[in-house]
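See below for the structure under consideration.
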Amino acid sequence: MKIAVVGATGLVGGVMLQVLEERGFANHEILAAASPRSVGKQIDFAGRKLTVMSVEDAIAQKPQYAIFSAGAGTSRQYAPQFAATGCTVVDNSSCWRMHDDVPLVVPEINMSAVRPEHRIIANPNCSTIQMVLAISRLHWQYRIRRIVVATYQSITGTGIKAVRQLEAEEAYASSHQVASAQLRQSMEQSMGEAYQPAYPNQIYRNLFPHGGDFLPDGYTTEEQKLVDETRKILADPTIGVSATVVRVPVVGGHSEAVNLEFYNEYELAEARQLIADTPGVIVYDDPGRNHYPTPIMAHHRDEVFVGRIRRDNTQPCSLNLWVVADNLRKGAATNAIQILEQLTMKQ
Ligand code: A2P
């Protein structure tokens, strides 16, 4: 089998290659594609070297499957071109997620949305994947009326440029006597054009309630994804979702404080069991021993971790959770490759 990885030189692309190797795809022919800047570069895969090719060359080789993580613009341009050759595309960008004829899939929830004629399958946003997986069985049992979520998102979700920003800020802070509050200004003055941050704010010893672009209603595009994608994956357009996305100086994974209101009463022990019984979810919740999930614990893991499961005492039928996962793995690469596994099994 021939599988193209578009965006193979990126952060998610690198993890995709790793997960392909771990999950038994090492002996398949892997076509590593990226932008013209990277063509000819060598990258490691399963003990061998892959030479990066252009996306056009990858299309010409007619792979059976293509997994994309190269931004929405690249997916918009090239996913239909792969599909036109009969290839099935699993796309990690936001480009196709809300199209009516494109399934948006978390395999443990709604693989059944994929039909044989689908040539593009969308992988949800990282924050959405971990949240919906943690709450899916609760929705099926008690029906969710409303979700209020605040995320604490790793900088790796923004790509290599964001990781470089944090590393540059850390290095500058350790080699210069400068207060945190003056760091950005000092870097701009001393580095000039060489200082090219990914964010409009300093991320070192800081955080900001801003992911993506602001919309006219005051929410951001990252917050809107949590609204739209949750409704589509859980197949319930009536679920209310109120989201605040926060970027934090963390690399291991995304964390989420989730408040749920159900239509129906629930038993806490049963709710906890429903979460624990969800494939791919681990309940780690023993506050007496300081056991609750953290991004360091979730880093390099494929599971979604849930803790701090407790009743919201301020109103009936309401529950609070803390949900953590590695955004590059279950939030991106692992979920995409689980979709690929299911597709190849169906053949
Ligand atoms: P390249 O490394 O050649 O720029 P990240 O999100 O970590 O920054 O990674 C983005 C990925 O998407 C990289 O592999 C990048 O390749 C790839 N990419 C960006 N723009 C394009 C494009 N126009 N065509 C193909 N791949 C692209």
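By convention here, the chains of the structure tokens are called A, B, ... in the order presented, each chain's residues are numbered starting at 1, and ligands are numbered starting at 1 in the order presented.
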Skip Val55 (chain A) itself and residues of its chain fewer than 5 positions away, then list as a list in words all residues within 12 Å of it, counting only C-alpha atoms.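 Answer for this query is Ala4, Val5, Val6, Gly7, Ala8, Leu31, Ala32, Ala33, Ala34, Ser35, Pro36, Arg37, Ser38, Val39, Ala60, Gln61, Lys62, Pro63, Ala66, Ile67, Phe68, Ala70, Thr74, Ser75, Gln77, Tyr78, Ala79, Gln81 and Phe82 of chain A.
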Out of region 245-308 of chain A, which residues get alpha helix (DSSP H) from DSSP, as an NGL selection string? :A and (268-276 or 295-298)
Just list as an mmCIF file with all heavy atoms, in the first residue's frame whatever in region 131-294 of chain A DSSP marks as strand (DSSP E).
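Result written to part25.cif:
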```
data_model
loop_
_atom_site.group_PDB
_atom_site.id
_atom_site.type_symbol
_atom_site.label_atom_id
_atom_site.label_comp_id
_atom_site.auth_asym_id
_atom_site.auth_seq_id
_atom_site.Cartn_x
_atom_site.Cartn_y
_atom_site.Cartn_z
ATOM 1 N N ILE A 144 -26.616 15.664 26.699
ATOM 2 C CA ILE A 144 -26.044 16.951 27.098
ATOM 3 C C ILE A 144 -26.890 18.103 26.552
ATOM 4 O O ILE A 144 -27.221 18.145 25.370
ATOM 5 C CB ILE A 144 -24.586 17.074 26.601
ATOM 6 C CG1 ILE A 144 -23.699 16.039 27.304
ATOM 7 C CG2 ILE A 144 -24.052 18.493 26.830
ATOM 8 C CD1 ILE A 144 -22.312 15.905 26.697
ATOM 9 N N ARG A 145 -27.225 19.028 27.444
ATOM 10 C CA ARG A 145 -27.939 20.241 27.030
ATOM 11 C C ARG A 145 -26.928 21.360 26.722
ATOM 12 O O ARG A 145 -27.074 22.090 25.760
ATOM 13 C CB ARG A 145 -28.854 20.696 28.187
ATOM 14 C CG ARG A 145 -29.723 21.904 27.872
ATOM 15 C CD ARG A 145 -30.214 22.584 29.167
ATOM 16 N NE ARG A 145 -31.086 21.731 29.948
ATOM 17 C CZ ARG A 145 -32.414 21.696 29.824
ATOM 18 N NH1 ARG A 145 -33.019 22.475 28.957
ATOM 19 N NH2 ARG A 145 -33.127 20.892 30.580
ATOM 20 N N ARG A 146 -25.883 21.434 27.577
ATOM 21 C CA ARG A 146 -24.982 22.584 27.461
ATOM 22 C C ARG A 146 -23.600 22.228 27.988
ATOM 23 O O ARG A 146 -23.470 21.495 28.973
ATOM 24 C CB ARG A 146 -25.570 23.731 28.288
ATOM 25 C CG ARG A 146 -24.752 24.985 28.326
ATOM 26 C CD ARG A 146 -25.578 26.109 28.943
ATOM 27 N NE ARG A 146 -24.839 27.356 28.915
ATOM 28 C CZ ARG A 146 -24.310 27.932 29.987
ATOM 29 N NH1 ARG A 146 -24.456 27.385 31.177
ATOM 30 N NH2 ARG A 146 -23.646 29.070 29.878
ATOM 31 N N ILE A 147 -22.577 22.762 27.331
ATOM 32 C CA ILE A 147 -21.178 22.576 27.755
ATOM 33 C C ILE A 147 -20.553 23.958 27.940
ATOM 34 O O ILE A 147 -20.665 24.807 27.056
ATOM 35 C CB ILE A 147 -20.363 21.832 26.669
ATOM 36 C CG1 ILE A 147 -21.010 20.485 26.313
ATOM 37 C CG2 ILE A 147 -18.913 21.670 27.096
ATOM 38 C CD1 ILE A 147 -20.403 19.827 25.071
ATOM 39 N N VAL A 148 -19.881 24.157 29.077
ATOM 40 C CA VAL A 148 -19.046 25.355 29.246
ATOM 41 C C VAL A 148 -17.619 24.849 29.410
ATOM 42 O O VAL A 148 -17.338 24.065 30.321
ATOM 43 C CB VAL A 148 -19.470 26.191 30.472
ATOM 44 C CG1 VAL A 148 -18.594 27.436 30.592
ATOM 45 C CG2 VAL A 148 -20.946 26.587 30.362
ATOM 46 N N VAL A 149 -16.743 25.247 28.512
ATOM 47 C CA VAL A 149 -15.380 24.714 28.536
ATOM 48 C C VAL A 149 -14.349 25.839 28.469
ATOM 49 O O VAL A 149 -14.516 26.797 27.717
ATOM 50 C CB VAL A 149 -15.176 23.685 27.386
ATOM 51 C CG1 VAL A 149 -15.523 24.254 26.030
ATOM 52 C CG2 VAL A 149 -13.740 23.147 27.361
ATOM 53 N N ALA A 150 -13.301 25.708 29.287
ATOM 54 C CA ALA A 150 -12.119 26.574 29.158
ATOM 55 C C ALA A 150 -10.945 25.655 28.861
ATOM 56 O O ALA A 150 -10.759 24.640 29.538
ATOM 57 C CB ALA A 150 -11.875 27.353 30.448
ATOM 58 N N THR A 151 -10.176 25.989 27.832
ATOM 59 C CA THR A 151 -9.030 25.145 27.474
ATOM 60 C C THR A 151 -7.733 25.803 27.918
ATOM 61 O O THR A 151 -7.658 27.034 28.044
ATOM 62 C CB THR A 151 -8.958 24.910 25.949
ATOM 63 O OG1 THR A 151 -8.587 26.146 25.318
ATOM 64 C CG2 THR A 151 -10.274 24.417 25.392
ATOM 65 N N TYR A 152 -6.729 24.968 28.127
ATOM 66 C CA TYR A 152 -5.388 25.430 28.506
ATOM 67 C C TYR A 152 -4.457 24.770 27.492
ATOM 68 O O TYR A 152 -4.003 23.651 27.699
ATOM 69 C CB TYR A 152 -5.056 24.977 29.925
ATOM 70 C CG TYR A 152 -6.061 25.448 30.960
ATOM 71 C CD1 TYR A 152 -7.325 24.869 31.055
ATOM 72 C CD2 TYR A 152 -5.740 26.479 31.836
ATOM 73 C CE1 TYR A 152 -8.248 25.301 31.994
ATOM 74 C CE2 TYR A 152 -6.656 26.917 32.779
ATOM 75 C CZ TYR A 152 -7.915 26.328 32.848
ATOM 76 O OH TYR A 152 -8.816 26.761 33.782
ATOM 77 N N GLN A 153 -4.247 25.438 26.344
ATOM 78 C CA GLN A 153 -3.698 24.741 25.180
ATOM 79 C C GLN A 153 -2.187 24.894 25.022
ATOM 80 O O GLN A 153 -1.634 25.987 25.106
ATOM 81 C CB GLN A 153 -4.399 25.235 23.911
ATOM 82 C CG GLN A 153 -5.867 24.852 23.905
ATOM 83 C CD GLN A 153 -6.601 25.101 22.606
ATOM 84 O OE1 GLN A 153 -7.818 25.132 22.622
ATOM 85 N NE2 GLN A 153 -5.905 25.255 21.499
ATOM 86 N N GLY A 240 -25.601 23.200 23.368
ATOM 87 C CA GLY A 240 -25.012 24.532 23.541
ATOM 88 C C GLY A 240 -23.561 24.386 23.991
ATOM 89 O O GLY A 240 -23.281 23.600 24.894
ATOM 90 N N VAL A 241 -22.650 25.102 23.337
ATOM 91 C CA VAL A 241 -21.233 25.044 23.739
ATOM 92 C C VAL A 241 -20.721 26.468 23.898
ATOM 93 O O VAL A 241 -20.802 27.273 22.972
ATOM 94 C CB VAL A 241 -20.356 24.309 22.692
ATOM 95 C CG1 VAL A 241 -18.907 24.211 23.193
ATOM 96 C CG2 VAL A 241 -20.908 22.918 22.365
ATOM 97 N N SER A 242 -20.212 26.776 25.088
ATOM 98 C CA SER A 242 -19.653 28.094 25.363
ATOM 99 C C SER A 242 -18.179 27.875 25.715
ATOM 100 O O SER A 242 -17.871 27.241 26.725
ATOM 101 C CB SER A 242 -20.418 28.704 26.534
ATOM 102 O OG SER A 242 -19.962 29.994 26.774
ATOM 103 N N ALA A 243 -17.265 28.355 24.846
ATOM 104 C CA ALA A 243 -15.854 27.992 24.988
ATOM 105 C C ALA A 243 -14.958 29.215 25.162
ATOM 106 O O ALA A 243 -15.201 30.271 24.568
ATOM 107 C CB ALA A 243 -15.403 27.200 23.757
ATOM 108 N N THR A 244 -13.918 29.050 25.975
ATOM 109 C CA THR A 244 -12.836 30.040 26.079
ATOM 110 C C THR A 244 -11.528 29.300 25.856
ATOM 111 O O THR A 244 -11.209 28.375 26.610
ATOM 112 C CB THR A 244 -12.819 30.703 27.475
ATOM 113 O OG1 THR A 244 -14.105 31.269 27.734
ATOM 114 C CG2 THR A 244 -11.759 31.796 27.545
ATOM 115 N N VAL A 245 -10.806 29.674 24.821
ATOM 116 C CA VAL A 245 -9.532 29.021 24.504
ATOM 117 C C VAL A 245 -8.381 29.860 25.053
ATOM 118 O O VAL A 245 -8.292 31.057 24.781
ATOM 119 C CB VAL A 245 -9.388 28.830 22.976
ATOM 120 C CG1 VAL A 245 -7.934 28.554 22.585
ATOM 121 C CG2 VAL A 245 -10.293 27.689 22.495
ATOM 122 N N VAL A 246 -7.522 29.222 25.828
ATOM 123 C CA VAL A 246 -6.383 29.907 26.431
ATOM 124 C C VAL A 246 -5.089 29.208 26.006
ATOM 125 O O VAL A 246 -5.004 27.978 26.053
ATOM 126 C CB VAL A 246 -6.494 29.900 27.984
ATOM 127 C CG1 VAL A 246 -5.339 30.664 28.611
ATOM 128 C CG2 VAL A 246 -7.830 30.478 28.429
ATOM 129 N N ARG A 247 -4.126 29.979 25.567
ATOM 130 C CA ARG A 247 -2.822 29.413 25.196
ATOM 131 C C ARG A 247 -1.889 29.528 26.394
ATOM 132 O O ARG A 247 -1.794 30.606 27.003
ATOM 133 C CB ARG A 247 -2.263 30.198 23.999
ATOM 134 C CG ARG A 247 -1.088 29.569 23.344
ATOM 135 C CD ARG A 247 -1.400 28.302 22.610
ATOM 136 N NE ARG A 247 -2.300 28.474 21.481
ATOM 137 C CZ ARG A 247 -2.731 27.471 20.727
ATOM 138 N NH1 ARG A 247 -2.374 26.222 20.969
ATOM 139 N NH2 ARG A 247 -3.555 27.687 19.727
ATOM 140 N N HIS A 254 -2.943 19.418 25.743
ATOM 141 C CA HIS A 254 -3.995 20.383 26.074
ATOM 142 C C HIS A 254 -4.763 19.898 27.310
ATOM 143 O O HIS A 254 -5.034 18.700 27.445
ATOM 144 C CB HIS A 254 -5.019 20.490 24.942
ATOM 145 C CG HIS A 254 -4.507 21.127 23.682
ATOM 146 N ND1 HIS A 254 -3.272 21.699 23.552
ATOM 147 C CD2 HIS A 254 -5.126 21.280 22.474
ATOM 148 C CE1 HIS A 254 -3.135 22.188 22.321
ATOM 149 N NE2 HIS A 254 -4.239 21.936 21.652
ATOM 150 N N SER A 255 -5.170 20.838 28.159
ATOM 151 C CA SER A 255 -6.030 20.532 29.304
ATOM 152 C C SER A 255 -7.336 21.306 29.142
ATOM 153 O O SER A 255 -7.345 22.376 28.531
ATOM 154 C CB SER A 255 -5.358 20.972 30.609
ATOM 155 O OG SER A 255 -4.085 20.384 30.723
ATOM 156 N N GLU A 256 -8.409 20.747 29.705
ATOM 157 C CA GLU A 256 -9.709 21.415 29.555
ATOM 158 C C GLU A 256 -10.514 21.283 30.847
ATOM 159 O O GLU A 256 -10.629 20.173 31.386
ATOM 160 C CB GLU A 256 -10.514 20.774 28.417
ATOM 161 C CG GLU A 256 -9.843 20.949 27.071
ATOM 162 C CD GLU A 256 -10.514 20.216 25.916
ATOM 163 O OE1 GLU A 256 -11.251 19.235 26.168
ATOM 164 O OE2 GLU A 256 -10.305 20.623 24.770
ATOM 165 N N ALA A 257 -11.045 22.390 31.322
ATOM 166 C CA ALA A 257 -12.013 22.364 32.412
ATOM 167 C C ALA A 257 -13.382 22.371 31.752
ATOM 168 O O ALA A 257 -13.724 23.311 31.030
ATOM 169 C CB ALA A 257 -11.839 23.582 33.304
ATOM 170 N N VAL A 258 -14.140 21.291 31.970
ATOM 171 C CA VAL A 258 -15.402 21.102 31.241
ATOM 172 C C VAL A 258 -16.558 21.038 32.234
ATOM 173 O O VAL A 258 -16.523 20.252 33.179
ATOM 174 C CB VAL A 258 -15.366 19.779 30.426
ATOM 175 C CG1 VAL A 258 -16.662 19.606 29.625
ATOM 176 C CG2 VAL A 258 -14.154 19.719 29.504
ATOM 177 N N ASN A 259 -17.565 21.864 32.018
ATOM 178 C CA ASN A 259 -18.792 21.819 32.815
ATOM 179 C C ASN A 259 -19.932 21.365 31.913
ATOM 180 O O ASN A 259 -20.158 21.948 30.852
ATOM 181 C CB ASN A 259 -19.089 23.207 33.403
ATOM 182 C CG ASN A 259 -20.383 23.220 34.188
ATOM 183 O OD1 ASN A 259 -21.444 23.551 33.669
ATOM 184 N ND2 ASN A 259 -20.307 22.830 35.451
ATOM 185 N N LEU A 260 -20.624 20.303 32.349
ATOM 186 C CA LEU A 260 -21.703 19.738 31.524
ATOM 187 C C LEU A 260 -23.034 19.892 32.236
ATOM 188 O O LEU A 260 -23.117 19.683 33.452
ATOM 189 C CB LEU A 260 -21.470 18.237 31.313
ATOM 190 C CG LEU A 260 -20.169 17.824 30.641
ATOM 191 C CD1 LEU A 260 -20.025 16.297 30.690
ATOM 192 C CD2 LEU A 260 -20.147 18.310 29.194
ATOM 193 N N GLU A 261 -24.054 20.218 31.462
ATOM 194 C CA GLU A 261 -25.428 20.157 31.989
ATOM 195 C C GLU A 261 -26.195 19.150 31.139
ATOM 196 O O GLU A 261 -26.205 19.255 29.909
ATOM 197 C CB GLU A 261 -26.095 21.527 31.924
ATOM 198 C CG GLU A 261 -27.487 21.504 32.540
ATOM 199 C CD GLU A 261 -28.277 22.806 32.336
ATOM 200 O OE1 GLU A 261 -27.694 23.786 31.838
ATOM 201 O OE2 GLU A 261 -29.476 22.798 32.644
ATOM 202 N N PHE A 262 -26.824 18.177 31.798
ATOM 203 C CA PHE A 262 -27.586 17.143 31.092
ATOM 204 C C PHE A 262 -29.084 17.457 31.143
ATOM 205 O O PHE A 262 -29.552 18.190 32.012
ATOM 206 C CB PHE A 262 -27.370 15.774 31.759
ATOM 207 C CG PHE A 262 -25.924 15.371 31.871
ATOM 208 C CD1 PHE A 262 -25.333 15.197 33.122
ATOM 209 C CD2 PHE A 262 -25.146 15.158 30.744
ATOM 210 C CE1 PHE A 262 -24.004 14.821 33.244
ATOM 211 C CE2 PHE A 262 -23.812 14.780 30.849
ATOM 212 C CZ PHE A 262 -23.239 14.616 32.099
ATOM 213 N N VAL A 281 -9.938 6.110 26.820
ATOM 214 C CA VAL A 281 -10.003 7.076 27.924
ATOM 215 C C VAL A 281 -9.527 6.407 29.217
ATOM 216 O O VAL A 281 -9.881 5.258 29.490
ATOM 217 C CB VAL A 281 -11.447 7.602 28.124
ATOM 218 C CG1 VAL A 281 -11.536 8.506 29.359
ATOM 219 C CG2 VAL A 281 -11.908 8.359 26.897
ATOM 220 N N ILE A 282 -8.711 7.122 29.980
ATOM 221 C CA ILE A 282 -8.274 6.633 31.294
ATOM 222 C C ILE A 282 -8.743 7.625 32.351
ATOM 223 O O ILE A 282 -8.475 8.824 32.244
ATOM 224 C CB ILE A 282 -6.739 6.496 31.345
ATOM 225 C CG1 ILE A 282 -6.283 5.369 30.400
ATOM 226 C CG2 ILE A 282 -6.259 6.241 32.773
ATOM 227 C CD1 ILE A 282 -4.782 5.165 30.346
ATOM 228 N N VAL A 283 -9.483 7.106 33.336
ATOM 229 C CA VAL A 283 -9.862 7.951 34.471
ATOM 230 C C VAL A 283 -8.718 7.924 35.482
ATOM 231 O O VAL A 283 -8.293 6.847 35.914
ATOM 232 C CB VAL A 283 -11.186 7.466 35.106
ATOM 233 C CG1 VAL A 283 -11.440 8.177 36.439
ATOM 234 C CG2 VAL A 283 -12.348 7.707 34.142
#
```
By how many Å are CA of Val306 (chain A) and CA of Gly157 (chain A) apart?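 Result for CA of Val306 (chain A) versus CA of Gly157 (chain A): 20.0 Å, one decimal.
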What's the 9 Å shell around Arg76 (chain A), counting only C-alpha atoms, without same-chain residues fewer than 4 positions away, as a PDB file with all heavy atoms, in the first residue's frame?
```pdb
ATOM      1  N   GLY A  71      -1.911  22.595   6.925  1.00  0.00           N
ATOM      2  CA  GLY A  71      -2.697  23.830   6.922  1.00  0.00           C
ATOM      3  C   GLY A  71      -3.883  23.750   5.975  1.00  0.00           C
ATOM      4  O   GLY A  71      -3.913  22.934   5.039  1.00  0.00           O
ATOM      5  N   ALA A  72      -4.868  24.625   6.250  1.00  0.00           N
ATOM      6  CA  ALA A  72      -6.137  24.564   5.504  1.00  0.00           C
ATOM      7  C   ALA A  72      -5.955  24.892   4.021  1.00  0.00           C
ATOM      8  O   ALA A  72      -6.601  24.293   3.161  1.00  0.00           O
ATOM      9  CB  ALA A  72      -7.148  25.510   6.142  1.00  0.00           C
ATOM     10  N   PRO A  80      -8.701  17.646  -2.986  1.00  0.00           N
ATOM     11  CA  PRO A  80      -9.553  17.199  -4.104  1.00  0.00           C
ATOM     12  C   PRO A  80      -8.743  16.578  -5.249  1.00  0.00           C
ATOM     13  O   PRO A  80      -9.241  15.689  -5.942  1.00  0.00           O
ATOM     14  CB  PRO A  80     -10.232  18.500  -4.568  1.00  0.00           C
ATOM     15  CG  PRO A  80     -10.144  19.419  -3.402  1.00  0.00           C
ATOM     16  CD  PRO A  80      -8.869  19.086  -2.714  1.00  0.00           C
ATOM     17  N   CYS A  95     -10.091  22.765   6.985  1.00  0.00           N
ATOM     18  CA  CYS A  95     -10.691  23.126   5.696  1.00  0.00           C
ATOM     19  C   CYS A  95     -12.016  22.429   5.402  1.00  0.00           C
ATOM     20  O   CYS A  95     -12.973  23.061   4.996  1.00  0.00           O
ATOM     21  CB  CYS A  95      -9.689  22.832   4.585  1.00  0.00           C
ATOM     22  SG  CYS A  95     -10.358  23.159   2.963  1.00  0.00           S
ATOM     23  N   TRP A  96     -12.082  21.109   5.590  1.00  0.00           N
ATOM     24  CA  TRP A  96     -13.249  20.341   5.123  1.00  0.00           C
ATOM     25  C   TRP A  96     -14.175  19.909   6.253  1.00  0.00           C
ATOM     26  O   TRP A  96     -15.189  19.257   6.016  1.00  0.00           O
ATOM     27  CB  TRP A  96     -12.766  19.089   4.358  1.00  0.00           C
ATOM     28  CG  TRP A  96     -11.904  19.445   3.196  1.00  0.00           C
ATOM     29  CD1 TRP A  96     -10.536  19.419   3.135  1.00  0.00           C
ATOM     30  CD2 TRP A  96     -12.344  19.933   1.918  1.00  0.00           C
ATOM     31  NE1 TRP A  96     -10.100  19.860   1.906  1.00  0.00           N
ATOM     32  CE2 TRP A  96     -11.195  20.179   1.148  1.00  0.00           C
ATOM     33  CE3 TRP A  96     -13.610  20.194   1.364  1.00  0.00           C
ATOM     34  CZ2 TRP A  96     -11.259  20.670  -0.153  1.00  0.00           C
ATOM     35  CZ3 TRP A  96     -13.675  20.677   0.074  1.00  0.00           C
ATOM     36  CH2 TRP A  96     -12.507  20.911  -0.669  1.00  0.00           C
TER      37      TRP A  96
END
```
When distances are computed from only C-alpha atoms, which of A:Ala46, A:Cys87, A:Ala198, A:Val323 shows the smallest separation from Val19 (chain A)?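 Checking each of A:Ala46, A:Cys87, A:Ala198, A:Val323 against Val19 (chain A), counting only C-alpha atoms, the winner is A:Ala46.
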Shortest interatomic distance to ligand 1 - which of A:Lys225, A:Lys49, A:Lys41, A:Lys161, counting only C-alpha atoms and all ligand atoms: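 Counting only C-alpha atoms and all ligand atoms, the residue closest to ligand 1 is A:Lys161.
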Contacts of Ala276 (chain A) at 12 Å or less, counting only C-alpha atoms, minus same-chain residues fewer than 5 places along, as a VMD selection string? chain A and resid 133 to 138 269 to 271 281 to 285 303 to 307 309
Print the selection's residues with C-alpha atoms to a file, as an mmCIF file, in the first residue's frame.
```cif
data_model
loop_
_atom_site.group_PDB
_atom_site.id
_atom_site.type_symbol
_atom_site.label_atom_id
_atom_site.label_comp_id
_atom_site.auth_asym_id
_atom_site.auth_seq_id
_atom_site.Cartn_x
_atom_site.Cartn_y
_atom_site.Cartn_z
ATOM 1 C CA LEU A 133 -14.262 11.450 23.521
ATOM 2 C CA ALA A 134 -14.423 12.071 27.288
ATOM 3 C CA ILE A 135 -18.111 13.088 27.215
ATOM 4 C CA SER A 136 -19.535 10.930 24.408
ATOM 5 C CA ARG A 137 -20.955 8.146 26.613
ATOM 6 C CA LEU A 138 -22.377 10.704 29.041
ATOM 7 C CA ALA A 269 -20.600 6.630 40.226
ATOM 8 C CA GLU A 270 -22.339 5.634 37.002
ATOM 9 C CA ALA A 271 -21.072 8.721 35.165
ATOM 10 C CA VAL A 281 -10.003 7.076 27.924
ATOM 11 C CA ILE A 282 -8.274 6.633 31.294
ATOM 12 C CA VAL A 283 -9.862 7.951 34.471
ATOM 13 C CA TYR A 284 -7.100 9.206 36.770
ATOM 14 C CA ASP A 285 -8.966 10.709 39.638
ATOM 15 C CA GLU A 303 -5.114 8.096 25.645
ATOM 16 C CA VAL A 304 -7.347 10.890 26.894
ATOM 17 C CA PHE A 305 -7.034 11.315 30.669
ATOM 18 C CA VAL A 306 -9.957 12.448 32.845
ATOM 19 C CA GLY A 307 -9.943 13.514 36.466
ATOM 20 C CA ILE A 309 -14.924 14.268 38.199
#
```
Write out as a PDB file with N, CA and C atoms, in the first residue's frame which residues come within 10 Å of Asn110 (chain A) when counting only C-alpha atoms, dropping same-chain ones fewer than 6 positions away.
```pdb
ATOM      1  N   PRO A 103     -17.380  13.489   6.335  1.00  0.00           N
ATOM      2  CA  PRO A 103     -17.545  13.052   7.735  1.00  0.00           C
ATOM      3  C   PRO A 103     -16.426  13.591   8.615  1.00  0.00           C
ATOM      4  N   LEU A 104     -16.775  13.908   9.853  1.00  0.00           N
ATOM      5  CA  LEU A 104     -15.819  14.443  10.844  1.00  0.00           C
ATOM      6  C   LEU A 104     -15.746  13.386  11.946  1.00  0.00           C
ATOM      7  N   LYS A 232     -21.404  18.368  15.433  1.00  0.00           N
ATOM      8  CA  LYS A 232     -21.375  17.461  14.270  1.00  0.00           C
ATOM      9  C   LYS A 232     -20.980  16.041  14.694  1.00  0.00           C
ATOM     10  N   ILE A 233     -19.959  15.912  15.531  1.00  0.00           N
ATOM     11  CA  ILE A 233     -19.491  14.563  15.915  1.00  0.00           C
ATOM     12  C   ILE A 233     -20.530  13.855  16.773  1.00  0.00           C
ATOM     13  N   LEU A 234     -21.139  14.579  17.710  1.00  0.00           N
ATOM     14  CA  LEU A 234     -22.144  13.956  18.576  1.00  0.00           C
ATOM     15  C   LEU A 234     -23.526  13.936  17.913  1.00  0.00           C
ATOM     16  N   ALA A 235     -23.587  14.430  16.673  1.00  0.00           N
ATOM     17  CA  ALA A 235     -24.818  14.376  15.862  1.00  0.00           C
ATOM     18  C   ALA A 235     -25.997  14.996  16.604  1.00  0.00           C
TER      19      ALA A 235
END
```
